[in-house]
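Asker: Questions regarding the structure given below will be posed in turn.
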Amino acid sequence: MSSQPTERSNSRSKNSPAGGAGVLERPAEPAAQLNEDRDILVKIFHQMLLIRRFEEKCAESYSLGKIGGFCHLYIGQEAVGVGAISALRADDYVLTSYREHGQAIAKGISPEAVMAELYGKAGGCSQGKGGSMHLFDADVNFLGGHAIVGGQIPLATGVAFASKYKETDQVTLCFFGEAAVNQGAFHESLNMAQLWKLPCIYICENNMYGMGTSLQRAMSSQNVAAKASAYELASESVDGMDVLKMREATQRAIKRAREESLPTLLEARTYRYMGHSMSDPGNYRTRAEIEKYQERDPIKIFTKTLKDNGLLSDSEIAEIEAQIKEEVEKAVRFADESPLPDPKELYTDVYANPIN
Amino acid sequence: MAVMTMRDALNLALKEELARDSSVFLMGEEVAEYQGAYKVTRGLLEEFGPKRVIDTPITELGFAGLGVGAAMAGLRPIIEFMTFNFSILATDQIINSAAKMRYMSGGQFKIPIVFRGPGGSAYQVSSQHSQALESWYAYFPGLKVVMPSTPADAKGLLKSAIRDDDPVIFIEQERMYGMKGEVPEDDDFTIPLGVGEVKREGTDATIIARSVMVPTALQAAEQLEKEGISCEVIDPRTIRPLDIKLIIESIKKTNRAVVAEESHPFASVGAEISAQIAEQAFDYLDAPVKRVSGADVPMPYAKNLEQLAIPDVAHIVAAVKEVSYV
Amino acid sequence: MATQVVMPKLSPTMEEGQLARWLKKEGDKVSMGEPLAEIDTDKATMEMQALSNGVLRKILINEGESAPLGQPIAIIGEPDEDISELLKTASAPKPEKAAEAPQSPPESDAAPAVEEQPQEVETPEPTQSINGDGHKPRTDGRVLISPIAARMASEAGIDFKTVQGSGPGGRIVKRDVESAISDQKKPAATKAAVGRISIPRPARAGVVHGPSAYRDEPVSEMRRTIAKRLVTSLGPVPHFFLTMEIDMERAADMRRSINELYPDLKLSINDLIIKVVAVSLIQHPEVNASFQDKTIRYYEHADIGVAVATENGLITPIVRAAELKSLTEIATEVRELAGRARARKLKPEEYLGATFSISNLGMFGIEEFTAVINPPEGAILAVGAMSPKPVVKDDRVEIRQTMRVTMSCDHRAIDGATGAKFLQTFKQIMENPIYLFLDQ
């Protein structure tokens, strides 16, 4: 099973001489026990596959010039977002980085609203004014979409602070990459969260590369989970390619947050198959490495798990694929047909209280 | 009406707004148990408790961001920077989060946060502790910037800032905390943001000044009056949005303008005011707009050098005479 | 039979006339005795009558142009007559128009100037000021004017090119236009110019003045004639003389008080006279003038030449812009200049180019005398001794300090009334020096 959550730290930083604690360094563990409703599991499967197909469509749209600026794809990391968010209530909050399409969809923003936002259209979830890096939806408590690395971490800490202040038992999930762990904002936030006992769950998606820089080249101590010990904050290292393990780890963290109002740092070991963004030629890693990691494709793993447990047949999978194809095409159609924002929207929503 | 110091006026504003709205909380270094580094938050912990008045670690970027997140989730934070020099560490959250959240989300979130604290020069605290950063913050659409110059203004404007649904940068001045003045005692007394005030009426020249330069400008006006030059002193009070209309009306009357500020001259608030005057009152000007700014150097420690670096009455008097061709 | 119309002699002294206005157009019927045109002569504007009947076939001289006596200016004849012969004789080369229109002012901007560049100036001494520029007249043709001044001038119907600018680089500013507007409103000074006296103020402290700025105005027809006649009858510079007696009681008092307070200053009556003359000159700019043959030069400042007797003769060191200087400055400067004059250490620009001179022989006991004008100045004031004299005051005889001054004027530039008005102001201020400290 995955490593034990560390409540109080005396664990030493586990510097593996061969490199970070990546997914492949541990032996493949046996599949998790499936003690969930089939409906939930199928929903999780559907979401992961939808995100995968959606992101593939984004790649296509981007190369056709329909998506401008930056486009950061979630392909390979679906299990982290879907697994973690599946454990939340609707009134819990999510904040994340710019690699957010998957989390946005998992939290409940419709693929149409996401695609229209990527296309910069009025029907986008941010009215076309945010783009790929700034998806927001207050109705589903998805609080963005932040483009400064680590910028979302203090924000999420504040959202958790507000829940505690208002004495609700809402929790906040905060996603960020392992490179963000080097930002001061990460450390300042964890310190405050533990000091003030804030119900915030920090999920580090360790995909081993900060843009073109591997974590060996960026971090003196590559054990991300261990960094929580500096703040005496609970942490866990999770196999981020296993959606159920991700879900269970998040459930443990949520319980801690709701019941004890304490934060957790989850390190999800994962991998992205595409480049940092659509503009990244990916010269910093080998084809061989990528192919090796594709053997641990989270969707492939979960499909096998479901099939092995007799929960999903090939024909059902095909049906789901067909549905997803339709959902994605619907999203593209919506985005294509949505109008560009009205030019006077240039000046709206700068202030809630405009003066003069 | 009561006579009180600016410190106490600010304290009263905080007290009244904390009492009025339970979603308002105050956070910063030494604001609670220490009673405030400059005693502006004296007594608030005792009255409102540690949930509402919170001491932070020295972690400006962290607690500024925390404030913005809390605002996104429905609270109304007042974040104190012990001085605005320290806000520089927090600028990523002020500029990239607070100023932009509403716009980039297509209007889904409002950020009713106040970042307050003293800015500008103090007494021999040297270059890293003496900076006037208002033009930095005024630069960004999405922020509002306010600078009071009297105790009454301080109280009325701070209350409005707290009640405003947008991020407000509220810059006080340490050298003015002890200044006394009449302050309305009504706990609903507010001064609207975006509205300036004529601090002294006159007919021959307009002096536009803010914060600690307002008393200096008023003294200069007194001196000039004796020499037969009647000056109108205008305090915009809110820097962004700027009450340019009030300034232009005055210049139409006097035909000449001097802007007095303690900040450095390049791309200062005074530069912006000069540009707007040139655009909107060109045909009324008898002379180019004259700026009296702080010296274009980091603030030195030595007492005499510091005095040379900050505009004084003589500088303003000379500037008014220059634009009056006297 | 077609006839030429020639410039008629309309006054005994007229030698040439300026065609002011044609009263008939080419092609109009004309009958003998009918007024044909108005002609400006040396004395007045006169009507010229047609001396024949017919049609005005050709006008040979345009309005505003001048012609000497006898020159053909038009042809009257029958409508269909051949007038080519007459035209030929009429088109002998015309003498250059004497009453030429003033040079049209050079291109100027209404908009305020951009940063002024350093300029060549006719005046040798560059003035220093905080802005590095004083009141040098511009030679590049640009007129600097502030936006509000331009607007005020336009609204008041004033051509701002006629306004003197007191701002940096000669910029015309609001107060310059304001005073031009109020000058406009002043009625023509037909009565004695007593009353409002304005004391000039320096633009800024610490300015060192070079020779005064000036403007040249073209001499009118009448003036030119007067000048010519006077020269032929009275020698090179036609002098006339005006004498005035001044009650010096208050001036003497003031001098005494000042010297009590500042014993080292040793202010003299002459220092006071210099200041009063200077202020009066600014009040009467027509006297602060110089006849320049084709133009009359009007100076902006009163540069007072103070006659100093030296071993080698008379020399007049100059107090520049005396109207702007304090009594202290004048006293100090005069003492210094006089000292250097006697030591033969004056530079040319310190004794050449005054706008007005004062000669004081009072220390020799001379009661009054007439001085010779230093060309090209327009006038000189000869100051006699101050001494107690019995005078009638309020129907009683009192002993009061009295002084007589005689002003010599160049009649080509200054008329009797003009000089007299100046002396009236001089007397008014000299008798009540408190005017120097008021600005009505």
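Chain labels run A, B, ... following the order of the structure tokens; each chain numbers its residues from 1, and ligands are numbered from 1 in the order shown.
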Mind checking DSSP for stretch 234-414 of chain C and telling me the helix (DSSP H, G or I) residues as a JSON list (two decimals) with N, CA and C atoms, in the first residue's frame?
Answerer:
[["chain", "number", "residue", "atom", "x", "y", "z"],
["C", 234, "LEU", "N", 17.28, 124.03, -37.92],
["C", 234, "LEU", "CA", 17.82, 124.16, -36.56],
["C", 234, "LEU", "C", 19.11, 123.38, -36.32],
["C", 249, "GLU", "N", 11.17, 119.55, -0.97],
["C", 249, "GLU", "CA", 11.11, 119.41, 0.49],
["C", 249, "GLU", "C", 11.04, 117.93, 0.90],
["C", 250, "ARG", "N", 10.10, 117.24, 0.34],
["C", 250, "ARG", "CA", 9.91, 115.85, 0.76],
["C", 250, "ARG", "C", 11.06, 114.97, 0.30],
["C", 251, "ALA", "N", 11.54, 115.26, -0.89],
["C", 251, "ALA", "CA", 12.65, 114.44, -1.40],
["C", 251, "ALA", "C", 13.86, 114.62, -0.50],
["C", 252, "ALA", "N", 14.10, 115.86, -0.10],
["C", 252, "ALA", "CA", 15.25, 116.12, 0.76],
["C", 252, "ALA", "C", 15.07, 115.41, 2.09],
["C", 253, "ASP", "N", 13.86, 115.45, 2.61],
["C", 253, "ASP", "CA", 13.53, 114.78, 3.86],
["C", 253, "ASP", "C", 13.81, 113.30, 3.78],
["C", 254, "MET", "N", 13.33, 112.72, 2.68],
["C", 254, "MET", "CA", 13.47, 111.27, 2.51],
["C", 254, "MET", "C", 14.93, 110.90, 2.45],
["C", 255, "ARG", "N", 15.68, 111.70, 1.72],
["C", 255, "ARG", "CA", 17.11, 111.42, 1.61],
["C", 255, "ARG", "C", 17.76, 111.49, 2.97],
["C", 256, "ARG", "N", 17.39, 112.48, 3.73],
["C", 256, "ARG", "CA", 17.96, 112.61, 5.06],
["C", 256, "ARG", "C", 17.65, 111.39, 5.90],
["C", 257, "SER", "N", 16.40, 110.95, 5.88],
["C", 257, "SER", "CA", 16.00, 109.79, 6.70],
["C", 257, "SER", "C", 16.77, 108.55, 6.27],
["C", 258, "ILE", "N", 16.87, 108.36, 4.98],
["C", 258, "ILE", "CA", 17.56, 107.16, 4.49],
["C", 258, "ILE", "C", 19.01, 107.18, 4.95],
["C", 259, "ASN", "N", 19.65, 108.35, 4.83],
["C", 259, "ASN", "CA", 21.06, 108.40, 5.19],
["C", 259, "ASN", "C", 21.27, 108.30, 6.70],
["C", 260, "GLU", "N", 20.23, 108.64, 7.47],
["C", 260, "GLU", "CA", 20.32, 108.39, 8.91],
["C", 260, "GLU", "C", 20.31, 106.90, 9.20],
["C", 261, "LEU", "N", 19.44, 106.21, 8.50],
["C", 261, "LEU", "CA", 19.33, 104.76, 8.72],
["C", 261, "LEU", "C", 20.52, 104.01, 8.14],
["C", 269, "ILE", "N", 20.87, 113.27, -3.80],
["C", 269, "ILE", "CA", 19.64, 113.70, -4.46],
["C", 269, "ILE", "C", 19.64, 113.19, -5.90],
["C", 270, "ASN", "N", 20.79, 113.19, -6.53],
["C", 270, "ASN", "CA", 20.87, 112.75, -7.92],
["C", 270, "ASN", "C", 20.45, 111.27, -8.07],
["C", 271, "ASP", "N", 20.81, 110.45, -7.06],
["C", 271, "ASP", "CA", 20.39, 109.04, -7.10],
["C", 271, "ASP", "C", 18.88, 108.96, -7.15],
["C", 272, "LEU", "N", 18.26, 109.79, -6.34],
["C", 272, "LEU", "CA", 16.80, 109.82, -6.29],
["C", 272, "LEU", "C", 16.24, 110.29, -7.63],
["C", 273, "ILE", "N", 16.91, 111.32, -8.19],
["C", 273, "ILE", "CA", 16.45, 111.86, -9.46],
["C", 273, "ILE", "C", 16.52, 110.78, -10.54],
["C", 274, "ILE", "N", 17.61, 110.02, -10.52],
["C", 274, "ILE", "CA", 17.75, 108.93, -11.51],
["C", 274, "ILE", "C", 16.55, 107.99, -11.43],
["C", 275, "LYS", "N", 16.21, 107.59, -10.23],
["C", 275, "LYS", "CA", 15.10, 106.65, -10.06],
["C", 275, "LYS", "C", 13.80, 107.28, -10.54],
["C", 276, "VAL", "N", 13.58, 108.52, -10.15],
["C", 276, "VAL", "CA", 12.30, 109.16, -10.51],
["C", 276, "VAL", "C", 12.22, 109.36, -12.02],
["C", 277, "VAL", "N", 13.33, 109.78, -12.62],
["C", 277, "VAL", "CA", 13.36, 109.93, -14.09],
["C", 277, "VAL", "C", 13.03, 108.59, -14.75],
["C", 278, "ALA", "N", 13.66, 107.53, -14.26],
["C", 278, "ALA", "CA", 13.47, 106.21, -14.88],
["C", 278, "ALA", "C", 12.01, 105.78, -14.80],
["C", 279, "VAL", "N", 11.44, 105.91, -13.63],
["C", 279, "VAL", "CA", 10.04, 105.50, -13.45],
["C", 279, "VAL", "C", 9.13, 106.35, -14.34],
["C", 280, "SER", "N", 9.45, 107.67, -14.43],
["C", 280, "SER", "CA", 8.62, 108.55, -15.26],
["C", 280, "SER", "C", 8.75, 108.17, -16.73],
["C", 281, "LEU", "N", 9.94, 107.76, -17.13],
["C", 281, "LEU", "CA", 10.13, 107.37, -18.53],
["C", 281, "LEU", "C", 9.27, 106.17, -18.89],
["C", 282, "ILE", "N", 9.18, 105.21, -17.97],
["C", 282, "ILE", "CA", 8.38, 104.03, -18.25],
["C", 282, "ILE", "C", 6.90, 104.42, -18.37],
["C", 283, "GLN", "N", 6.56, 105.43, -17.58],
["C", 283, "GLN", "CA", 5.19, 105.93, -17.66],
["C", 283, "GLN", "C", 4.94, 106.67, -18.98],
["C", 322, "ALA", "N", 17.07, 101.26, -14.91],
["C", 322, "ALA", "CA", 17.05, 101.93, -13.62],
["C", 322, "ALA", "C", 15.68, 101.87, -12.96],
["C", 323, "GLU", "N", 14.64, 101.72, -13.78],
["C", 323, "GLU", "CA", 13.29, 101.70, -13.18],
["C", 323, "GLU", "C", 13.08, 100.49, -12.29],
["C", 324, "LEU", "N", 13.88, 99.42, -12.52],
["C", 324, "LEU", "CA", 13.70, 98.20, -11.75],
["C", 324, "LEU", "C", 14.62, 98.14, -10.54],
["C", 327, "LEU", "N", 16.77, 102.09, -4.73],
["C", 327, "LEU", "CA", 17.62, 103.26, -4.50],
["C", 327, "LEU", "C", 19.02, 102.83, -4.08],
["C", 328, "THR", "N", 19.04, 101.81, -3.26],
["C", 328, "THR", "CA", 20.34, 101.30, -2.80],
["C", 328, "THR", "C", 21.20, 100.86, -3.97],
["C", 329, "GLU", "N", 20.56, 100.09, -4.84],
["C", 329, "GLU", "CA", 21.31, 99.59, -6.00],
["C", 329, "GLU", "C", 21.80, 100.75, -6.86],
["C", 330, "ILE", "N", 20.93, 101.72, -7.07],
["C", 330, "ILE", "CA", 21.31, 102.84, -7.94],
["C", 330, "ILE", "C", 22.46, 103.61, -7.30],
["C", 331, "ALA", "N", 22.31, 103.89, -6.01],
["C", 331, "ALA", "CA", 23.36, 104.68, -5.35],
["C", 331, "ALA", "C", 24.70, 103.96, -5.43],
["C", 332, "THR", "N", 24.66, 102.69, -5.13],
["C", 332, "THR", "CA", 25.90, 101.92, -5.15],
["C", 332, "THR", "C", 26.50, 101.87, -6.55],
["C", 333, "GLU", "N", 25.63, 101.62, -7.51],
["C", 333, "GLU", "CA", 26.10, 101.48, -8.88],
["C", 333, "GLU", "C", 26.68, 102.78, -9.40],
["C", 334, "VAL", "N", 25.99, 103.86, -9.14],
["C", 334, "VAL", "CA", 26.46, 105.16, -9.65],
["C", 334, "VAL", "C", 27.83, 105.49, -9.06],
["C", 335, "ARG", "N", 27.94, 105.23, -7.76],
["C", 335, "ARG", "CA", 29.23, 105.53, -7.12],
["C", 335, "ARG", "C", 30.35, 104.71, -7.75],
["C", 336, "GLU", "N", 30.04, 103.47, -7.98],
["C", 336, "GLU", "CA", 31.03, 102.55, -8.54],
["C", 336, "GLU", "C", 31.40, 102.95, -9.97],
["C", 337, "LEU", "N", 30.35, 103.24, -10.75],
["C", 337, "LEU", "CA", 30.59, 103.61, -12.14],
["C", 337, "LEU", "C", 31.37, 104.92, -12.23],
["C", 338, "ALA", "N", 30.97, 105.87, -11.40],
["C", 338, "ALA", "CA", 31.65, 107.18, -11.44],
["C", 338, "ALA", "C", 33.12, 107.00, -11.09],
["C", 339, "GLY", "N", 33.35, 106.18, -10.11],
["C", 339, "GLY", "CA", 34.75, 105.93, -9.72],
["C", 339, "GLY", "C", 35.55, 105.38, -10.88],
["C", 340, "ARG", "N", 34.96, 104.40, -11.55],
["C", 340, "ARG", "CA", 35.70, 103.79, -12.66],
["C", 340, "ARG", "C", 35.80, 104.74, -13.83],
["C", 341, "ALA", "N", 34.76, 105.60, -13.97],
["C", 341, "ALA", "CA", 34.79, 106.58, -15.08],
["C", 341, "ALA", "C", 36.01, 107.49, -14.90],
["C", 342, "ARG", "N", 36.19, 107.97, -13.67],
["C", 342, "ARG", "CA", 37.32, 108.88, -13.43],
["C", 342, "ARG", "C", 38.64, 108.16, -13.59],
["C", 348, "PRO", "N", 33.09, 100.07, -23.10],
["C", 348, "PRO", "CA", 32.20, 100.81, -24.01],
["C", 348, "PRO", "C", 30.73, 100.56, -23.73],
["C", 349, "GLU", "N", 30.38, 99.29, -23.46],
["C", 349, "GLU", "CA", 28.95, 99.03, -23.24],
["C", 349, "GLU", "C", 28.44, 99.66, -21.95],
["C", 350, "GLU", "N", 29.36, 100.21, -21.17],
["C", 350, "GLU", "CA", 28.92, 100.84, -19.94],
["C", 350, "GLU", "C", 28.65, 102.32, -20.12],
["C", 351, "TYR", "N", 29.09, 102.89, -21.25],
["C", 351, "TYR", "CA", 28.78, 104.30, -21.47],
["C", 351, "TYR", "C", 28.14, 104.57, -22.81],
["C", 362, "GLY", "N", 24.26, 120.90, -10.22],
["C", 362, "GLY", "CA", 23.83, 121.52, -8.97],
["C", 362, "GLY", "C", 24.96, 121.69, -7.98],
["C", 363, "MET", "N", 25.91, 120.74, -8.01],
["C", 363, "MET", "CA", 26.99, 120.83, -7.01],
["C", 363, "MET", "C", 27.88, 122.04, -7.29],
["C", 364, "PHE", "N", 27.73, 122.64, -8.50],
["C", 364, "PHE", "CA", 28.49, 123.85, -8.79],
["C", 364, "PHE", "C", 27.67, 125.10, -8.52]]
Asker: Might you pull out every residue within 8 Å of B:Thr206, with only C-alpha atoms counted and same-chain residues fewer than 4 positions away left off, and present them as a ChimeraX atom specification?
Answerer: /B:202,231-234,250-251,254-258
Asker: Quick one: pull the distance between atom CA of B:Val114 and atom CA of B:Ala275, Å, one decimal.
Answerer: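 Interatomic distance, atom CA of B:Val114 to atom CA of B:Ala275: 28.3 Å.
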Asker: Pick out the chain B residues within 7 Å of chain A. Count only C-alpha atoms. Give them as a list in words.
Answerer: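 Therefore, the residues near the partner are Thr59, Leu61, Gly62, Gly65, Leu66, Gly67, Val68, Gly69, Ala70, Ala73, Leu75, Arg102, Tyr103, Met104, Ser105, Gly106, Gly107, Gln108, Lys110, Pro141, Gly142, Asp164, Asp165, Asp166, Gly194 and Pro241 of chain B.
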Asker: With C-alpha atoms retained, export the selected residues as a short mmCIF file (atom, residue, chain, number, x, y, z; two decimals), in the first residue's frame.
Answerer:
data_model
loop_
_atom_site.label_atom_id
_atom_site.label_comp_id
_atom_site.auth_asym_id
_atom_site.auth_seq_id
_atom_site.Cartn_x
_atom_site.Cartn_y
_atom_site.Cartn_z
CA THR B 59 5.30 36.67 5.83
CA LEU B 61 3.50 37.62 0.44
CA GLY B 62 1.75 34.86 2.35
CA GLY B 65 -2.41 36.32 -0.62
CA LEU B 66 -4.30 34.80 2.25
CA GLY B 67 -6.26 38.04 2.50
CA VAL B 68 -7.14 37.96 -1.18
CA GLY B 69 -8.26 34.32 -0.94
CA ALA B 70 -10.37 35.13 2.09
CA ALA B 73 -14.57 33.46 -0.22
CA LEU B 75 -14.77 37.99 3.93
CA ARG B 102 -12.57 40.31 -10.89
CA TYR B 103 -11.60 41.10 -14.45
CA MET B 104 -10.03 37.80 -15.41
CA SER B 105 -12.89 35.82 -13.94
CA GLY B 106 -15.36 37.80 -16.03
CA GLY B 107 -16.83 39.55 -13.00
CA GLN B 108 -17.46 36.48 -10.81
CA LYS B 110 -15.16 40.83 -5.89
CA PRO B 141 -6.50 49.13 -13.11
CA GLY B 142 -8.38 47.12 -10.52
CA ASP B 164 -15.78 49.45 -0.73
CA ASP B 165 -16.02 46.17 -2.63
CA ASP B 166 -12.70 46.62 -4.43
CA GLY B 194 -12.72 59.55 -5.69
CA PRO B 241 -9.60 57.24 -9.21
#
Asker: From a backbone DSSP assignment, name each residue in stretch 157-303 of chain B labelled strand (DSSP E or B), as an MDAnalysis selection string.
Answerer: chainID B and resid 168:172 180:183 197:200 205:209 231:235 238:240 257:260 290:292
